[in-house]
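run_4.txt, holding compact mmCIF, C-alpha atoms:
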# COMPACT_ATOMS: atom_id res chain seq x y z
CA MET A 17 2.77 -23.91 36.62
CA PHE A 18 3.00 -21.68 33.52
CA SER A 19 -0.09 -21.87 31.34
CA THR A 20 0.00 -20.51 27.82
CA THR A 21 -3.78 -20.25 27.90
CA ASN A 22 -3.60 -17.76 30.77
CA HIS A 23 -0.83 -15.71 29.16
CA LEU A 24 -2.16 -15.21 25.64
CA ASN A 25 -1.74 -11.65 24.39
CA SER A 26 -5.32 -10.48 23.94
CA ARG A 27 -4.20 -7.56 21.76
CA MET A 28 -2.54 -9.85 19.22
CA GLU A 29 -5.45 -12.26 19.33
CA ARG A 30 -7.58 -9.47 17.83
CA VAL A 31 -5.19 -8.99 14.91
CA GLN A 32 -6.29 -10.77 11.75
CA LEU A 33 -4.13 -13.41 10.13
CA PRO A 34 -3.84 -12.31 6.48
CA LEU A 35 -4.95 -14.85 3.92
CA ILE A 36 -2.04 -14.09 1.58
CA PRO A 37 0.27 -16.61 3.34
CA VAL A 38 -2.56 -19.18 3.15
CA VAL A 39 -2.81 -18.60 -0.59
CA GLY A 40 0.99 -18.80 -0.89
CA LYS A 41 0.98 -22.21 0.76
CA LEU A 42 -1.70 -23.44 -1.64
CA ILE A 43 0.37 -22.21 -4.58
CA ARG A 44 3.42 -24.12 -3.36
CA GLN A 45 1.31 -27.25 -2.94
CA HIS A 46 0.12 -27.02 -6.56
CA PRO A 47 3.15 -26.58 -8.85
CA GLY A 48 2.50 -24.77 -12.10
CA THR A 49 0.04 -22.33 -10.56
CA ILE A 50 0.22 -18.84 -12.06
CA SER A 51 -0.11 -16.21 -9.35
CA LEU A 52 -2.33 -13.22 -10.01
CA GLY A 53 -2.04 -12.43 -6.33
CA GLN A 54 1.33 -10.94 -5.48
CA GLY A 55 1.47 -7.15 -5.22
CA VAL A 56 4.96 -6.55 -6.58
CA VAL A 57 6.57 -5.57 -9.86
CA GLY A 58 8.62 -8.00 -11.92
CA TYR A 59 11.55 -5.71 -12.73
CA PRO A 60 14.73 -5.23 -10.65
CA PRO A 61 16.19 -2.07 -9.12
CA PRO A 62 18.02 0.32 -11.47
CA GLU A 63 21.72 -0.38 -12.06
CA ARG A 64 22.52 2.95 -10.46
CA ALA A 65 21.02 1.68 -7.20
CA ILE A 66 23.30 -1.35 -7.20
CA ALA A 67 26.30 0.78 -8.16
CA SER A 68 25.64 2.99 -5.13
CA LEU A 69 26.59 0.10 -2.88
CA GLN A 70 30.25 0.80 -3.68
CA SER A 71 29.86 4.21 -2.06
CA PHE A 72 28.47 2.52 1.02
CA LEU A 73 31.39 0.10 1.22
CA ALA A 74 33.96 2.86 0.74
CA ARG A 75 33.28 4.29 4.22
CA SER A 76 33.98 2.15 7.27
CA ASP A 77 31.70 4.26 9.47
CA ASN A 78 28.75 3.12 7.38
CA HIS A 79 28.84 -0.12 9.37
CA LEU A 80 27.90 1.88 12.48
CA TYR A 81 24.52 3.32 13.42
CA GLN A 82 23.54 6.40 11.46
CA ALA A 83 20.90 9.09 11.94
CA VAL A 84 17.53 7.87 13.22
CA GLY A 85 15.63 9.65 10.46
CA GLY A 86 17.89 8.82 7.52
CA ILE A 87 21.22 9.84 6.01
CA GLU A 88 21.43 13.43 4.84
CA PRO A 89 22.17 12.76 1.13
CA LEU A 90 19.08 10.58 0.85
CA ILE A 91 16.88 13.11 2.65
CA GLU A 92 18.10 15.83 0.28
CA ALA A 93 17.30 13.60 -2.73
CA ILE A 94 13.84 12.89 -1.34
CA GLU A 95 13.16 16.59 -0.80
CA THR A 96 14.10 17.28 -4.43
CA LYS A 97 11.88 14.43 -5.62
CA LEU A 98 8.95 15.68 -3.52
CA ALA A 99 9.24 19.18 -4.97
CA THR A 100 9.50 17.91 -8.55
CA ASP A 101 7.10 14.97 -8.61
CA ASN A 102 4.60 15.76 -5.85
CA GLN A 103 4.71 19.56 -5.57
CA ILE A 104 5.38 19.12 -1.85
CA LYS A 105 7.67 21.77 -0.41
CA ILE A 106 9.69 20.96 2.71
CA ASP A 107 9.97 24.01 4.95
CA GLN A 108 9.87 24.96 8.63
CA GLN A 109 6.46 23.33 9.10
CA ASN A 110 7.20 19.79 7.88
CA CYS A 111 10.06 17.35 7.44
CA VAL A 112 11.12 14.00 5.96
CA VAL A 113 11.79 10.81 7.90
CA VAL A 114 13.26 7.77 6.11
CA THR A 115 11.73 4.46 7.23
CA ALA A 116 12.10 0.73 6.61
CA GLY A 117 9.25 0.72 4.10
CA SER A 118 5.96 2.59 4.24
CA ASN A 119 4.40 -0.01 6.56
CA MET A 120 6.85 1.17 9.22
CA ALA A 121 5.97 4.76 8.35
CA PHE A 122 2.30 3.98 9.00
CA MET A 123 3.07 2.38 12.36
CA ASN A 124 5.33 5.32 13.27
CA ALA A 125 2.45 7.69 12.57
CA LEU A 126 -0.05 5.65 14.58
CA LEU A 127 2.13 5.43 17.66
CA ALA A 128 2.95 9.14 17.46
CA ILE A 129 -0.62 10.45 17.23
CA THR A 130 -2.77 7.98 19.19
CA GLN A 131 -3.38 6.59 22.63
CA ALA A 132 -5.28 3.43 23.54
CA GLU A 133 -8.88 3.24 22.26
CA ASP A 134 -8.48 6.06 19.76
CA GLU A 135 -10.13 5.60 16.35
CA ILE A 136 -8.69 5.63 12.83
CA ILE A 137 -11.02 5.80 9.84
CA LEU A 138 -10.28 3.31 7.05
CA ASN A 139 -12.11 3.20 3.73
CA THR A 140 -13.13 -0.30 2.69
CA PRO A 141 -11.81 -2.36 1.12
CA TYR A 142 -8.81 -1.48 3.26
CA TYR A 143 -5.12 -2.41 2.99
CA PHE A 144 -4.94 -5.22 5.52
CA ASN A 145 -1.62 -4.16 7.11
CA HIS A 146 -3.20 -0.81 8.00
CA GLU A 147 -6.06 -2.52 9.82
CA MET A 148 -3.62 -4.86 11.55
CA ALA A 149 -1.37 -2.01 12.70
CA ILE A 150 -4.30 -0.07 14.14
CA THR A 151 -5.37 -3.10 16.16
CA MET A 152 -1.79 -3.76 17.33
CA ALA A 153 -1.61 -0.16 18.55
CA ASN A 154 -4.66 -0.89 20.75
CA CYS A 155 -6.77 1.49 18.69
CA ARG A 156 -10.01 0.86 16.81
CA PRO A 157 -10.35 0.83 13.02
CA VAL A 158 -13.58 2.52 11.97
CA LEU A 159 -14.61 1.14 8.58
CA VAL A 160 -16.36 3.34 6.04
CA ASN A 161 -17.68 1.86 2.81
CA THR A 162 -16.65 3.31 -0.53
CA ASP A 163 -19.22 3.56 -3.31
CA ALA A 164 -19.98 0.90 -5.93
CA ASP A 165 -16.96 2.01 -7.97
CA CYS A 166 -14.64 2.07 -4.92
CA GLN A 167 -14.54 5.86 -4.73
CA LEU A 168 -14.66 7.78 -1.45
CA ASP A 169 -18.03 8.42 0.19
CA LEU A 170 -17.32 11.86 1.67
CA ASN A 171 -20.59 12.11 3.62
CA ALA A 172 -20.04 8.71 5.22
CA ILE A 173 -16.49 9.65 6.17
CA ALA A 174 -17.68 12.85 7.85
CA GLU A 175 -20.41 11.01 9.72
CA ALA A 176 -17.88 8.46 11.04
CA ILE A 177 -15.83 11.08 12.91
CA THR A 178 -16.20 11.00 16.69
CA PRO A 179 -14.32 12.69 19.55
CA LYS A 180 -11.98 9.66 19.56
CA THR A 181 -11.06 9.96 15.86
CA LYS A 182 -7.38 10.76 15.31
CA ALA A 183 -6.98 10.30 11.54
CA ILE A 184 -8.56 9.46 8.21
CA VAL A 185 -6.51 7.18 5.94
CA THR A 186 -6.63 7.40 2.16
CA ILE A 187 -4.71 5.23 -0.32
CA SER A 188 -4.47 6.58 -3.85
CA PRO A 189 -3.72 4.90 -6.20
CA ASN A 190 -5.46 2.26 -4.17
CA ASN A 191 -4.51 -1.17 -2.93
CA PRO A 192 -6.54 -3.39 -3.37
CA THR A 193 -8.93 -1.74 -5.84
CA GLY A 194 -6.74 0.20 -8.27
CA ALA A 195 -8.97 3.26 -7.79
CA VAL A 196 -7.41 6.71 -8.16
CA TYR A 197 -9.14 9.39 -6.12
CA PRO A 198 -9.70 12.72 -7.93
CA PRO A 199 -8.15 15.90 -6.51
CA ALA A 200 -11.53 17.20 -5.35
CA SER A 201 -12.16 14.13 -3.16
CA LEU A 202 -8.69 14.21 -1.61
CA LYS A 203 -8.99 17.96 -1.02
CA ALA A 204 -12.36 17.44 0.68
CA VAL A 205 -10.86 14.84 3.03
CA ASN A 206 -7.85 17.04 3.74
CA ASP A 207 -10.03 20.05 4.50
CA LEU A 208 -12.27 17.92 6.71
CA CYS A 209 -9.26 16.79 8.71
CA ARG A 210 -8.08 20.36 9.16
CA ASP A 211 -11.52 21.56 10.22
CA ARG A 212 -12.04 18.68 12.69
CA GLY A 213 -8.53 18.85 14.16
CA ILE A 214 -7.45 15.36 13.03
CA TYR A 215 -4.75 14.01 10.71
CA HIS A 216 -4.97 12.98 7.09
CA ILE A 217 -2.71 9.95 6.51
CA SER A 218 -2.12 9.66 2.77
CA ASP A 219 -0.56 6.41 1.53
CA GLU A 220 1.01 7.00 -1.90
CA ALA A 221 3.06 3.84 -2.48
CA TYR A 222 1.66 3.51 -6.02
CA GLU A 223 2.06 7.17 -6.97
CA TYR A 224 3.59 6.49 -10.41
CA PHE A 225 1.25 3.67 -11.42
CA THR A 226 -1.55 5.53 -13.18
CA TYR A 227 -3.21 5.01 -16.57
CA GLY A 228 -4.75 8.03 -18.25
CA VAL A 229 -5.19 9.97 -14.99
CA LYS A 230 -2.87 11.95 -12.71
CA HIS A 231 -1.91 11.22 -9.13
CA THR A 232 -2.53 13.95 -6.57
CA SER A 233 -0.57 14.32 -3.33
CA PRO A 234 -2.61 15.89 -0.51
CA GLY A 235 0.68 17.24 0.85
CA ALA A 236 0.65 19.70 -2.05
CA PHE A 237 -2.60 21.38 -0.99
CA PRO A 238 -2.28 24.88 0.53
CA ASP A 239 -2.01 25.13 4.32
CA ASN A 240 -1.93 21.37 4.87
CA GLN A 241 1.39 20.87 6.66
CA ALA A 242 0.06 20.82 10.23
CA HIS A 243 -2.34 17.91 9.69
CA THR A 244 -1.08 15.88 6.70
CA ILE A 245 1.08 12.76 7.01
CA SER A 246 2.24 11.49 3.61
CA LEU A 247 3.65 7.97 3.18
CA PHE A 248 5.85 6.90 0.26
CA SER A 249 7.72 3.76 -0.77
CA LEU A 250 10.44 2.74 -3.20
CA SER A 251 9.23 -0.88 -3.22
CA LYS A 252 6.97 -0.61 -6.26
CA ALA A 253 8.43 2.07 -8.50
CA TYR A 254 12.04 0.89 -8.23
CA GLY A 255 11.68 -2.90 -7.88
CA PHE A 256 12.89 -2.39 -4.33
CA ALA A 257 10.57 -4.50 -2.19
CA SER A 258 13.12 -6.43 -0.12
CA TRP A 259 15.40 -3.44 0.42
CA ARG A 260 12.78 -1.97 2.80
CA ILE A 261 13.07 1.74 2.24
CA GLY A 262 10.18 4.17 2.42
CA TYR A 263 9.75 7.65 3.84
CA MET A 264 7.18 9.93 5.37
CA VAL A 265 6.49 13.64 5.24
CA ILE A 266 5.22 14.74 8.64
CA PRO A 267 4.27 17.91 10.49
CA GLN A 268 7.32 19.28 12.30
CA HIS A 269 5.53 18.97 15.64
CA LEU A 270 5.45 15.15 15.28
CA LEU A 271 9.18 14.75 14.66
CA LEU A 272 10.27 14.10 18.24
CA ALA A 273 7.53 11.51 18.83
CA ILE A 274 8.33 9.69 15.59
CA GLN A 275 12.04 9.72 16.37
CA LYS A 276 11.26 8.03 19.69
CA VAL A 277 9.23 5.32 17.94
CA GLN A 278 11.77 4.71 15.20
CA ASP A 279 14.76 4.70 17.53
CA THR A 280 13.04 2.06 19.67
CA ASN A 281 11.92 -0.21 16.82
CA LEU A 282 14.71 0.26 14.30
CA ILE A 283 17.45 2.63 15.56
CA CYS A 284 17.99 3.69 11.95
CA PRO A 285 16.87 2.53 8.50
CA PRO A 286 19.34 0.01 6.98
CA VAL A 287 22.17 2.22 5.77
CA VAL A 288 23.15 -0.06 2.90
CA SER A 289 19.58 0.13 1.62
CA GLN A 290 19.60 3.92 1.99
CA TYR A 291 22.61 4.14 -0.32
CA ALA A 292 20.82 1.97 -2.86
CA ALA A 293 17.73 4.16 -2.47
CA LEU A 294 19.83 7.23 -3.20
CA GLY A 295 20.98 5.62 -6.44
CA ALA A 296 17.40 4.71 -7.32
CA LEU A 297 16.19 8.27 -6.84
CA GLN A 298 19.10 9.54 -8.92
CA ALA A 299 17.94 7.22 -11.72
CA GLY A 300 14.61 8.99 -11.35
CA VAL A 301 11.00 8.37 -12.25
CA SER A 302 11.90 7.72 -15.89
CA TYR A 303 13.16 4.30 -14.77
CA CYS A 304 9.72 3.39 -13.49
CA ARG A 305 7.93 4.87 -16.49
CA GLN A 306 9.85 2.77 -19.00
CA HIS A 307 8.63 -0.36 -17.21
CA LEU A 308 5.16 1.08 -16.75
CA GLN A 309 4.65 0.89 -20.50
CA GLU A 310 4.96 -2.90 -20.34
CA ILE A 311 2.72 -3.13 -17.29
CA ALA A 312 0.11 -1.09 -19.17
CA LYS A 313 0.16 -3.66 -21.97
CA VAL A 314 -0.40 -6.46 -19.47
CA ARG A 315 -3.18 -4.41 -17.87
CA ALA A 316 -4.96 -4.07 -21.20
CA VAL A 317 -4.86 -7.84 -21.78
CA VAL A 318 -6.15 -8.59 -18.29
CA LEU A 319 -8.95 -6.02 -18.51
CA ARG A 320 -10.07 -7.23 -21.94
CA GLN A 321 -10.38 -10.80 -20.68
CA LEU A 322 -12.18 -9.75 -17.51
CA GLU A 323 -14.68 -7.72 -19.50
CA SER A 324 -15.61 -10.93 -21.34
CA ILE A 325 -17.18 -12.22 -18.12
CA ALA A 326 -19.02 -9.05 -17.15
CA ASP A 327 -22.11 -11.20 -16.62
CA LEU A 328 -20.29 -13.02 -13.80
CA CYS A 329 -18.68 -10.10 -11.99
CA GLN A 330 -18.57 -6.36 -11.51
CA ILE A 331 -15.17 -4.79 -12.20
CA ALA A 332 -14.38 -1.58 -10.35
CA THR A 333 -12.81 1.18 -12.43
CA ALA A 334 -9.08 0.83 -11.85
CA ASN A 335 -6.96 3.63 -13.26
CA GLY A 336 -4.02 3.03 -10.95
CA ALA A 337 -1.74 0.58 -9.14
CA PHE A 338 -1.70 -2.90 -10.75
CA TYR A 339 -4.88 -4.44 -9.41
CA PHE A 340 -8.42 -5.17 -10.47
CA TRP A 341 -11.15 -5.60 -7.87
CA LEU A 342 -13.93 -8.01 -8.75
CA LYS A 343 -17.29 -8.61 -7.11
CA ILE A 344 -18.25 -12.13 -8.15
CA ASN A 345 -21.89 -13.13 -8.66
CA THR A 346 -21.77 -16.33 -6.65
CA GLN A 347 -22.87 -17.81 -3.35
CA LEU A 348 -19.43 -19.36 -2.90
CA ASP A 349 -17.23 -18.21 -0.04
CA ASP A 350 -14.28 -16.22 -1.39
CA LEU A 351 -11.63 -18.51 0.12
CA GLU A 352 -13.50 -21.56 -1.13
CA LEU A 353 -13.49 -20.04 -4.61
CA VAL A 354 -9.77 -19.20 -4.41
CA GLU A 355 -8.93 -22.75 -3.31
CA SER A 356 -10.89 -24.21 -6.22
CA LEU A 357 -9.20 -21.89 -8.70
CA ILE A 358 -5.78 -23.00 -7.49
CA LYS A 359 -6.52 -26.72 -7.22
CA LYS A 360 -8.52 -27.12 -10.42
CA TYR A 361 -7.29 -24.34 -12.70
CA ARG A 362 -3.79 -23.55 -11.39
CA VAL A 363 -4.37 -19.82 -11.02
CA ALA A 364 -4.23 -17.82 -7.79
CA VAL A 365 -5.91 -14.58 -6.74
CA ILE A 366 -6.45 -13.02 -3.29
CA PRO A 367 -9.80 -13.30 -1.47
CA GLY A 368 -11.51 -10.03 -0.68
CA SER A 369 -12.13 -10.91 2.96
CA THR A 370 -8.48 -10.20 3.80
CA PHE A 371 -9.23 -6.59 2.79
CA GLY A 372 -12.26 -6.42 5.08
CA MET A 373 -14.97 -7.28 2.54
CA LYS A 374 -17.16 -10.10 3.82
CA ASP A 375 -20.66 -9.20 2.64
CA SER A 376 -20.16 -10.77 -0.82
CA CYS A 377 -17.51 -12.68 -2.76
CA TYR A 378 -14.69 -10.37 -3.84
CA LEU A 379 -11.33 -11.10 -5.46
CA ARG A 380 -8.20 -9.00 -6.00
CA VAL A 381 -6.38 -9.66 -9.27
CA ALA A 382 -2.75 -8.45 -9.46
CA TYR A 383 -0.76 -8.19 -12.68
CA GLY A 384 2.30 -6.03 -11.94
CA SER A 385 4.86 -8.84 -11.74
CA LEU A 386 3.86 -10.74 -14.89
CA GLN A 387 5.29 -10.90 -18.37
CA LEU A 388 2.71 -10.54 -21.11
CA ALA A 389 2.64 -14.23 -22.08
CA THR A 390 2.30 -15.36 -18.47
CA ALA A 391 -0.45 -12.84 -17.85
CA GLU A 392 -2.36 -14.06 -20.89
CA ALA A 393 -2.16 -17.65 -19.70
CA GLY A 394 -3.06 -16.75 -16.13
CA ILE A 395 -6.06 -14.61 -16.97
CA GLU A 396 -7.37 -17.26 -19.39
CA ARG A 397 -7.26 -19.78 -16.54
CA LEU A 398 -9.04 -17.36 -14.24
CA VAL A 399 -11.77 -16.60 -16.74
CA THR A 400 -12.29 -20.29 -17.48
CA GLY A 401 -12.39 -21.13 -13.79
CA LEU A 402 -14.89 -18.40 -12.95
CA ARG A 403 -17.15 -19.46 -15.82
CA ASP A 404 -17.10 -23.08 -14.68
CA LEU A 405 -17.44 -22.44 -10.96
CA CYS A 406 -19.84 -19.47 -10.86
CA GLN A 407 -22.35 -20.02 -13.65
Conversion result in structure tokens:
Amino acid sequence: MFSTTNHLNSRMERVQLPLIPVVGKLIRQHPGTISLGQGVVGYPPPERAIASLQSFLARSDNHLYQAVGGIEPLIEAIETKLATDNQIKIDQQNCVVVTAGSNMAFMNALLAITQAEDEIILNTPYYFNHEMAITMANCRPVLVNTDADCQLDLNAIAEAITPKTKAIVTISPNNPTGAVYPPASLKAVNDLCRDRGIYHISDEAYEYFTYGVKHTSPGAFPDNQAHTISLFSLSKAYGFASWRIGYMVIPQHLLLAIQKVQDTNLICPPVVSQYAALGALQAGVSYCRQHLQEIAKVRAVVLRQLESIADLCQIATANGAFYFWLKINTQLDDLELVESLIKKYRVAVIPGSTFGMKDSCYLRVAYGSLQLATAEAGIERLVTGLRDLCQ
């Protein structure tokens, strides 16, 4: 007799269930809740992206499988973008692979560079899908704390390296904290990876979302191509989340392994989405920057309100992405606090435990998808709720 108990997949049992769907269900159960939780922008793709779909439809062979690593016009546009915006040159030592979002790019990289029981260093708070992917790949996430302001602790990272370490992951601008790592810190990590014979996986999905500081791509450092894996996404900058297009810059020696992974899991990135992505890149970064001005206004409102409750929480410096990371002065469990905020105050944020932080009560506040008036109302509810529940 078949028993599900005896056939449970122990690997998947170890993978965390993210709390974001739990929060989403609570929001649906309490109509009128303003979400300060969702990590997306509120603007649509550029018109040029939508117009590019006509070019897709004009060719009947576009309904067939295309190249595993992406269509040539899109790869050429990405290479131009990388040279202009990131100072990353594509040459004989590296190459571009188009993926179905940067989450797929991360999984591609993991499966290409690891074997079972290898270790990947994550800085906490981590992006939960990274931790989940590492566990799914039957590897071990090694968690290294950042400092009190969510910046990299370079000594702790170095001390965490073992003979099983295959990569160090950095995310800048950071999800969930909004931290932007300075060039010196990223260069130190990149040099450490080179010297220790491991990879530097750099997640740059929020590359354009910075406020008063500049984003640095480790792929632009000298002599980095053999050990740097850079991950990019169109989801944020171009309002492109559901189209599922990202890309990775990889050492040339990883290309065959990554092609094997991608051909097995995907065959090729959705061709219709690649045409739209080509149109988005042709619209260029100016499209994102015009919307970034409005997001910056929302950011200022949110930050001003949060600073009014500095006695109740510590706010990490957030010069990037569209998040604030709060450490709340309370004995309440983070999920308990989130549930109370939704049920009593109709405002939703994400508990810090889904990002690996369980020693205190942390919350991630997101503001990228909100209009100014909605953000003002939402942050007022949050501030009121935290004052009532945590004083």
Per-residue nearest contacts region 181-280 of chain A to region 138-153 of chain A, cut-off 9 Å, using only C-alpha atoms, as JSON lines:
{"residue": "A:Ala183", "atom": "CA", "partner": "A:Leu138", "partner_atom": "CA", "distance": 8.9}
{"residue": "A:Ile184", "atom": "CA", "partner": "A:Leu138", "partner_atom": "CA", "distance": 6.5}
{"residue": "A:Val185", "atom": "CA", "partner": "A:Leu138", "partner_atom": "CA", "distance": 5.5}
{"residue": "A:Thr186", "atom": "CA", "partner": "A:Asn139", "partner_atom": "CA", "distance": 7.1}
{"residue": "A:Ile187", "atom": "CA", "partner": "A:Tyr143", "partner_atom": "CA", "distance": 8.3}
{"residue": "A:Asn190", "atom": "CA", "partner": "A:Tyr143", "partner_atom": "CA", "distance": 8.6}
{"residue": "A:Asn191", "atom": "CA", "partner": "A:Tyr143", "partner_atom": "CA", "distance": 6.1}
{"residue": "A:Pro192", "atom": "CA", "partner": "A:Tyr143", "partner_atom": "CA", "distance": 6.6}
{"residue": "A:Thr193", "atom": "CA", "partner": "A:Pro141", "partner_atom": "CA", "distance": 7.6}
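With only C-alpha atoms as the atoms that count, the minimum distance from Met264 (chain A) to the choices A:Phe225, A:Phe248, A:Tyr378, A:Tyr81 is reached by A:Phe248.
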inquiry  = Please return as an MDAnalysis selection string every residue within 10 Å of (21.1, 2.3, 0.5), taking into account all atoms listed in the file and the file's own coordinates.
reply    = chainID A and resid 65:66 68:69 71:72 87 90 259:261 285:296
Output file for the residues above (C-alpha atoms, as a CSV table (one decimal), in the frame of the given file):
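Written output follows (out03.csv):
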chain,number,residue,atom,x,y,z
A,65,ALA,CA,21.0,1.7,-7.2
A,66,ILE,CA,23.3,-1.4,-7.2
A,68,SER,CA,25.6,3.0,-5.1
A,69,LEU,CA,26.6,0.1,-2.9
A,71,SER,CA,29.9,4.2,-2.1
A,72,PHE,CA,28.5,2.5,1.0
A,87,ILE,CA,21.2,9.8,6.0
A,90,LEU,CA,19.1,10.6,0.8
A,259,TRP,CA,15.4,-3.4,0.4
A,260,ARG,CA,12.8,-2.0,2.8
A,261,ILE,CA,13.1,1.7,2.2
A,285,PRO,CA,16.9,2.5,8.5
A,286,PRO,CA,19.3,0.0,7.0
A,287,VAL,CA,22.2,2.2,5.8
A,288,VAL,CA,23.2,-0.1,2.9
A,289,SER,CA,19.6,0.1,1.6
A,290,GLN,CA,19.6,3.9,2.0
A,291,TYR,CA,22.6,4.1,-0.3
A,292,ALA,CA,20.8,2.0,-2.9
A,293,ALA,CA,17.7,4.2,-2.5
A,294,LEU,CA,19.8,7.2,-3.2
A,295,GLY,CA,21.0,5.6,-6.4
A,296,ALA,CA,17.4,4.7,-7.3
ask   = Quick one, how far is CA of Val39 (chain A) from CA of Val381 (chain A)?
value = 13.0 Å
ask   = Hey, can you pull every residue with an atom no more than 8 Å from (2.6, 5.7, -1.3), using all atoms listed in the file, and send it as a list in words?
value = Ser118, Ile187, Ser188, Ser218, Asp219, Glu220, Ala221, Tyr222, Glu223, Ser246, Leu247, Phe248 and Ser249 of chain A
One-decimal distance in Å that lies between CA of Met120 (chain A) and CA of Leu250 (chain A) = 13.0 Å
Using only the atoms of region 237-246 of chain A listed in the file, plus 8 Å on each side, state the axis-aligned box centre and edge lengths in Å rounded to one decimal, as JSON.
{"center_x": -0.2, "center_y": 18.3, "center_z": 4.6, "size_x": 20.8, "size_y": 29.6, "size_z": 27.2}
key: Closest of A:Val301, A:Leu127, A:Val196, A:Ile245 to Ile217 (chain A) - atom-to-atom distances counting only C-alpha atoms   = A:Ile245
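You can rank A:Thr162, A:Gln131, A:Thr370, A:Asn124 by their closest distance to Leu272 (chain A) using only C-alpha atoms, and at the top of that list sits A:Asn124.
Among A:Ala99, A:Leu159, A:Val354, A:Ala242, the residue with the shortest atom-to-atom distance to Met373 (chain A), counting all atoms listed in the file, is A:Leu159.
Proximity to Leu297 (chain A) was assessed for A:Pro60, A:Ala253, A:Met28, A:Tyr361 counting all atoms listed in the file; the smallest distance is recorded for A:Ala253.
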Contacts between region 331-351 of chain A and region 27-126 of chain A, please, where a residue of region 27-126 of chain A counts if it comes within 10 Å (with only C-alpha atoms); show its shortest atom pair and distance in Å to one decimal, rows by chain and ascending number, as a tab-separated table.
residue	atom	partner	partner_atom	distance
A:Leu35	CA	A:Leu351	CA	8.5
A:Val38	CA	A:Leu351	CA	9.6
A:Val39	CA	A:Leu351	CA	8.8
A:Leu52	CA	A:Tyr339	CA	9.2
A:Gly53	CA	A:Tyr339	CA	9.0
A:Gln54	CA	A:Tyr339	CA	9.8
A:Gly55	CA	A:Phe338	CA	7.7
A:Val56	CA	A:Phe338	CA	8.7
A:Val57	CA	A:Phe338	CA	8.7
request  = Could you give me, as a PyMOL selection string, the residues within 10 Å of Gln103 (chain A), counting all atoms listed in the file and dropping anything in the same chain fewer than 6 positions from it?
outcome  = chain A and resi 96-97+232-237
Just the residues within 9 Å of Cys155 (chain A), please, counting only C-alpha atoms, with nothing from its chain fewer than 5 positions along; format it as a short mmCIF file (atom, residue, chain, number, x, y, z; two decimals) with C-alpha atoms, keeping the file's coordinate frame.
data_model
loop_
_atom_site.label_atom_id
_atom_site.label_comp_id
_atom_site.auth_asym_id
_atom_site.auth_seq_id
_atom_site.Cartn_x
_atom_site.Cartn_y
_atom_site.Cartn_z
CA LEU A 126 -0.05 5.65 14.58
CA THR A 130 -2.77 7.98 19.19
CA GLN A 131 -3.38 6.59 22.63
CA ALA A 132 -5.28 3.43 23.54
CA GLU A 133 -8.88 3.24 22.26
CA ASP A 134 -8.48 6.06 19.76
CA GLU A 135 -10.13 5.60 16.35
CA ILE A 136 -8.69 5.63 12.83
CA ALA A 149 -1.37 -2.01 12.70
CA ILE A 150 -4.30 -0.07 14.14
#
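Nearest residue to Arg64 (chain A) among A:Val113, A:Leu271, A:Ala299, A:Ile177 is A:Ala299, counting all atoms listed in the file.
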Nearby residues (only C-alpha atoms) at most 12 Å from Ile358 (chain A), same-chain spacing under 5 positions excluded, as a PyMOL selection string = chain A and resi 38-53+351-353+363-366+394+397-398+401-402
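Here CA of Ile173 (chain A) stands at a distance of 19.4 Å from CA of Ile129 (chain A).
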Could I get region 122-131 of chain A rebuilt with N, CA and C atoms, written as an mmCIF file, in the coordinates of the input?
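Saved as selection-v4.cif:
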data_model
loop_
_atom_site.group_PDB
_atom_site.id
_atom_site.type_symbol
_atom_site.label_atom_id
_atom_site.label_comp_id
_atom_site.auth_asym_id
_atom_site.auth_seq_id
_atom_site.Cartn_x
_atom_site.Cartn_y
_atom_site.Cartn_z
ATOM 1 N N PHE A 122 3.673 3.960 8.498
ATOM 2 C CA PHE A 122 2.300 3.980 9.000
ATOM 3 C C PHE A 122 2.274 3.695 10.503
ATOM 4 N N MET A 123 3.034 2.692 10.933
ATOM 5 C CA MET A 123 3.070 2.380 12.360
ATOM 6 C C MET A 123 3.690 3.522 13.153
ATOM 7 N N ASN A 124 4.748 4.139 12.617
ATOM 8 C CA ASN A 124 5.330 5.320 13.270
ATOM 9 C C ASN A 124 4.256 6.380 13.519
ATOM 10 N N ALA A 125 3.475 6.655 12.478
ATOM 11 C CA ALA A 125 2.450 7.690 12.570
ATOM 12 C C ALA A 125 1.412 7.331 13.631
ATOM 13 N N LEU A 126 0.961 6.078 13.610
ATOM 14 C CA LEU A 126 -0.050 5.650 14.580
ATOM 15 C C LEU A 126 0.428 5.857 16.007
ATOM 16 N N LEU A 127 1.636 5.366 16.299
ATOM 17 C CA LEU A 127 2.130 5.430 17.660
ATOM 18 C C LEU A 127 2.413 6.870 18.095
ATOM 19 N N ALA A 128 2.665 7.743 17.127
ATOM 20 C CA ALA A 128 2.950 9.140 17.460
ATOM 21 C C ALA A 128 1.685 9.943 17.748
ATOM 22 N N ILE A 129 0.569 9.588 17.137
ATOM 23 C CA ILE A 129 -0.620 10.450 17.230
ATOM 24 C C ILE A 129 -1.740 9.877 18.078
ATOM 25 N N THR A 130 -1.640 8.616 18.508
ATOM 26 C CA THR A 130 -2.770 7.980 19.190
ATOM 27 C C THR A 130 -2.421 7.572 20.625
ATOM 28 N N GLN A 131 -3.480 7.315 21.370
ATOM 29 C CA GLN A 131 -3.380 6.590 22.630
ATOM 30 C C GLN A 131 -4.423 5.465 22.574
#
